[in-house]
Amino acid sequence: MKMVEEFVIPKRSSKAFIVKKGQTLRVTAHEGKQVADIRFLNAHDYQEQFAARWSIPMNTAEGIGGYKKLRKLWSKVPYNNVMLTVTDDKVADHNFGCQCSPAFVALKGAKGTLTCADLFDKCLEPYKLSMRDLDSAGVFNVFMPVRYLDDENGTFSFCAPSCKKGDYIDFRAEMDVLVAATSCPEANIVNDNDPKGMKYQIFEGGN
């Protein structure tokens with residue numbers, strides 16, 4: 001593949017950018033254990049967005065993914081299109097459908113802490129979008145493993161990032177997509193207690 005763009009989203013920050021149909025987006029934990037929260041929108045119709053929780057049963061029905069990994073990233077009903085395909089995944093242990101928000105961190109006793117919801121708002125400003133325009137559960141939590149507990153509530157717990165330094169995941173765009181990505185700002189187990197930056201590369205060619 002031929003690389004056409006490369007950049008780093010520093011720790012506790014975010015960026016929105018376009019990946020064209022047929023291009024491959026690579027997300028790399030180049031500084032070590034770290035989580036990236038990523039959203040995907042149709043670049044020509046922002047109402048069509050990646051549906052994280054919907055993609056789980058769609059992949060399960062096809063026998064290609066589930067709660068830890070996805071092969072095909074579907075858009076929400078009524079669009080129901082494959083927006084991106086995961087072509088390489090060195091970890092295959094992620095989470096889908098959530099991001100930290102001011103209300104969430106307040107419940108954990110950290111009111112006023114910078115959150116991924118804040119970062120999505122900031123990076124999407126140039127596109128005249130904000131969290132108000134987004135599906136609240138439309139997030140791909142790259143390298144964020146969670147484990148469901150065997151209790152009466154079926155609660156889950158966050159774990160240390162599933163990646164090691166240099167691990168990456170590749171997404172091939174099946175349409176032009178607007179990508180909004182954050183380097184998760186939380187200084188706890190989610191980022192191995194040390195928030196870091198993440199590297200992004202866009203390639204042309206390949207399968």
# chains A, B, ... in the order shown; residues from 1 in each chain; ligands from 1
$ closest_atom_pairs --of "range 56-162 of chain A" --to "range 22-46 of chain A" --cutoff "8 Å" --atoms "only C-alpha atoms" --output "JSON lines"
{"residue": "A:Met83", "atom": "CA", "partner": "A:Asn42", "partner_atom": "CA", "distance": 7.7}
{"residue": "A:Gln99", "atom": "CA", "partner": "A:Asp37", "partner_atom": "CA", "distance": 6.9}
{"residue": "A:Cys116", "atom": "CA", "partner": "A:Asp37", "partner_atom": "CA", "distance": 7.3}
{"residue": "A:Gly138", "atom": "CA", "partner": "A:Arg39", "partner_atom": "CA", "distance": 6.4}
{"residue": "A:Val139", "atom": "CA", "partner": "A:Arg39", "partner_atom": "CA", "distance": 5.1}
{"residue": "A:Phe140", "atom": "CA", "partner": "A:Ile38", "partner_atom": "CA", "distance": 5.2}
{"residue": "A:Asn141", "atom": "CA", "partner": "A:Asp37", "partner_atom": "CA", "distance": 4.7}
{"residue": "A:Val142", "atom": "CA", "partner": "A:Ala36", "partner_atom": "CA", "distance": 5.1}
{"residue": "A:Phe143", "atom": "CA", "partner": "A:Val35", "partner_atom": "CA", "distance": 5.4}
{"residue": "A:Met144", "atom": "CA", "partner": "A:Val35", "partner_atom": "CA", "distance": 5.8}
{"residue": "A:Ala160", "atom": "CA", "partner": "A:Lys33", "partner_atom": "CA", "distance": 7.8}
{"residue": "A:Pro161", "atom": "CA", "partner": "A:Lys33", "partner_atom": "CA", "distance": 5.5}
{"residue": "A:Ser162", "atom": "CA", "partner": "A:Lys33", "partner_atom": "CA", "distance": 7.4}
$ write_last_selection --atoms "N, CA and C atoms" --output "PDB file, in the first residue's frame"
ATOM      1  N   MET A  83     -19.973   0.390   6.082  1.00  0.00           N
ATOM      2  CA  MET A  83     -19.225   1.626   5.909  1.00  0.00           C
ATOM      3  C   MET A  83     -17.734   1.369   5.769  1.00  0.00           C
ATOM      4  N   GLN A  99     -18.477   6.207  25.112  1.00  0.00           N
ATOM      5  CA  GLN A  99     -17.368   7.113  25.358  1.00  0.00           C
ATOM      6  C   GLN A  99     -17.613   7.790  26.695  1.00  0.00           C
ATOM      7  N   CYS A 116     -13.984  12.211  26.334  1.00  0.00           N
ATOM      8  CA  CYS A 116     -14.008  12.002  24.885  1.00  0.00           C
ATOM      9  C   CYS A 116     -15.192  12.717  24.240  1.00  0.00           C
ATOM     10  N   GLY A 138     -22.474   5.314  18.950  1.00  0.00           N
ATOM     11  CA  GLY A 138     -21.832   5.007  17.671  1.00  0.00           C
ATOM     12  C   GLY A 138     -20.320   5.087  17.693  1.00  0.00           C
ATOM     13  N   VAL A 139     -19.697   4.453  18.665  1.00  0.00           N
ATOM     14  CA  VAL A 139     -18.249   4.577  18.852  1.00  0.00           C
ATOM     15  C   VAL A 139     -17.552   3.220  18.728  1.00  0.00           C
ATOM     16  N   PHE A 140     -16.426   3.201  18.049  1.00  0.00           N
ATOM     17  CA  PHE A 140     -15.524   2.043  18.026  1.00  0.00           C
ATOM     18  C   PHE A 140     -14.425   2.336  19.028  1.00  0.00           C
ATOM     19  N   ASN A 141     -14.406   1.600  20.135  1.00  0.00           N
ATOM     20  CA  ASN A 141     -13.398   1.801  21.190  1.00  0.00           C
ATOM     21  C   ASN A 141     -12.193   0.919  20.901  1.00  0.00           C
ATOM     22  N   VAL A 142     -11.266   1.459  20.128  1.00  0.00           N
ATOM     23  CA  VAL A 142     -10.108   0.691  19.681  1.00  0.00           C
ATOM     24  C   VAL A 142      -9.199   0.346  20.863  1.00  0.00           C
ATOM     25  N   PHE A 143      -8.887  -0.926  20.997  1.00  0.00           N
ATOM     26  CA  PHE A 143      -7.974  -1.456  22.021  1.00  0.00           C
ATOM     27  C   PHE A 143      -8.526  -1.352  23.442  1.00  0.00           C
ATOM     28  N   MET A 144      -9.852  -1.193  23.581  1.00  0.00           N
ATOM     29  CA  MET A 144     -10.453  -1.095  24.910  1.00  0.00           C
ATOM     30  C   MET A 144     -11.223  -2.377  25.240  1.00  0.00           C
ATOM     31  N   ALA A 160      -7.157  -3.077  31.264  1.00  0.00           N
ATOM     32  CA  ALA A 160      -6.036  -2.383  30.643  1.00  0.00           C
ATOM     33  C   ALA A 160      -6.104  -2.570  29.130  1.00  0.00           C
ATOM     34  N   PRO A 161      -5.571  -1.636  28.341  1.00  0.00           N
ATOM     35  CA  PRO A 161      -5.632  -1.749  26.886  1.00  0.00           C
ATOM     36  C   PRO A 161      -5.113  -3.093  26.391  1.00  0.00           C
ATOM     37  N   SER A 162      -5.760  -3.588  25.353  1.00  0.00           N
ATOM     38  CA  SER A 162      -5.426  -4.904  24.820  1.00  0.00           C
ATOM     39  C   SER A 162      -4.189  -4.882  23.932  1.00  0.00           C
TER      40      SER A 162
END
$ select_by_dssp --residues "range 2-205 of chain A" --states "alpha helix (DSSP H)" --output "ChimeraX atom specification"
/A:52-62,102-107,116-124
$ residues_around --residues "Val82 in chain A" --least-positions-apart "5" --cutoff "12 Å" --atoms "only C-alpha atoms" --output "ChimeraX atom specification"
/A:21,40-42,48-52,54-55,58-59,70-77,171-177
$ write_last_selection --atoms "C-alpha atoms" --output "PDB file, in the first residue's frame"
ATOM      1  CA  LYS A  21     -13.663   5.121  -0.523  1.00  0.00           C
ATOM      2  CA  PHE A  40     -17.408   7.127  11.392  1.00  0.00           C
ATOM      3  CA  LEU A  41     -19.959   9.158   9.408  1.00  0.00           C
ATOM      4  CA  ASN A  42     -20.897   9.134   5.741  1.00  0.00           C
ATOM      5  CA  GLU A  48     -25.649   7.932   8.234  1.00  0.00           C
ATOM      6  CA  GLN A  49     -23.313   6.854  11.028  1.00  0.00           C
ATOM      7  CA  PHE A  50     -21.525   3.744  12.248  1.00  0.00           C
ATOM      8  CA  ALA A  51     -23.858   1.797  14.538  1.00  0.00           C
ATOM      9  CA  ALA A  52     -21.624   0.051  17.051  1.00  0.00           C
ATOM     10  CA  TRP A  54     -26.049  -2.906  15.637  1.00  0.00           C
ATOM     11  CA  SER A  55     -22.823  -4.093  14.009  1.00  0.00           C
ATOM     12  CA  MET A  58     -24.874  -8.232  12.088  1.00  0.00           C
ATOM     13  CA  ASN A  59     -21.343  -9.650  12.346  1.00  0.00           C
ATOM     14  CA  LEU A  70     -15.834  -6.673  14.109  1.00  0.00           C
ATOM     15  CA  ARG A  71     -15.097  -7.423  10.488  1.00  0.00           C
ATOM     16  CA  LYS A  72     -17.767  -5.177   8.962  1.00  0.00           C
ATOM     17  CA  LEU A  73     -18.814  -1.813  10.352  1.00  0.00           C
ATOM     18  CA  TRP A  74     -22.513  -1.285   9.560  1.00  0.00           C
ATOM     19  CA  SER A  75     -24.391   2.002   9.537  1.00  0.00           C
ATOM     20  CA  LYS A  76     -27.531   2.458  11.581  1.00  0.00           C
ATOM     21  CA  VAL A  77     -31.049   1.574  10.500  1.00  0.00           C
ATOM     22  CA  PHE A 171     -10.067  -0.135   8.271  1.00  0.00           C
ATOM     23  CA  ARG A 172     -10.835  -0.096   4.533  1.00  0.00           C
ATOM     24  CA  ALA A 173     -13.405   2.556   3.670  1.00  0.00           C
ATOM     25  CA  GLU A 174     -16.346   1.233   1.638  1.00  0.00           C
ATOM     26  CA  MET A 175     -17.609   4.811   1.154  1.00  0.00           C
ATOM     27  CA  ASP A 176     -16.181   8.265   1.752  1.00  0.00           C
ATOM     28  CA  VAL A 177     -16.178   8.636   5.530  1.00  0.00           C
TER      29      VAL A 177
END
$ residues_around --residues "Val4 in chain A" --least-positions-apart "4" --cutoff "7 Å" --atoms "only C-alpha atoms" --output "list of chain:residue names"
A:Ile202, A:Phe203, A:Glu204
$ write_last_selection --atoms "N, CA and C atoms" --output "mmCIF file, in the first residue's frame"
data_model
loop_
_atom_site.group_PDB
_atom_site.id
_atom_site.type_symbol
_atom_site.label_atom_id
_atom_site.label_comp_id
_atom_site.auth_asym_id
_atom_site.auth_seq_id
_atom_site.Cartn_x
_atom_site.Cartn_y
_atom_site.Cartn_z
ATOM 1 N N ILE A 202 -3.071 6.944 6.417
ATOM 2 C CA ILE A 202 -4.040 6.676 5.365
ATOM 3 C C ILE A 202 -3.275 6.153 4.150
ATOM 4 N N PHE A 203 -3.711 4.998 3.637
ATOM 5 C CA PHE A 203 -3.039 4.332 2.527
ATOM 6 C C PHE A 203 -3.981 4.183 1.333
ATOM 7 N N GLU A 204 -3.401 4.109 0.162
ATOM 8 C CA GLU A 204 -4.124 3.760 -1.059
ATOM 9 C C GLU A 204 -3.582 2.444 -1.574
#
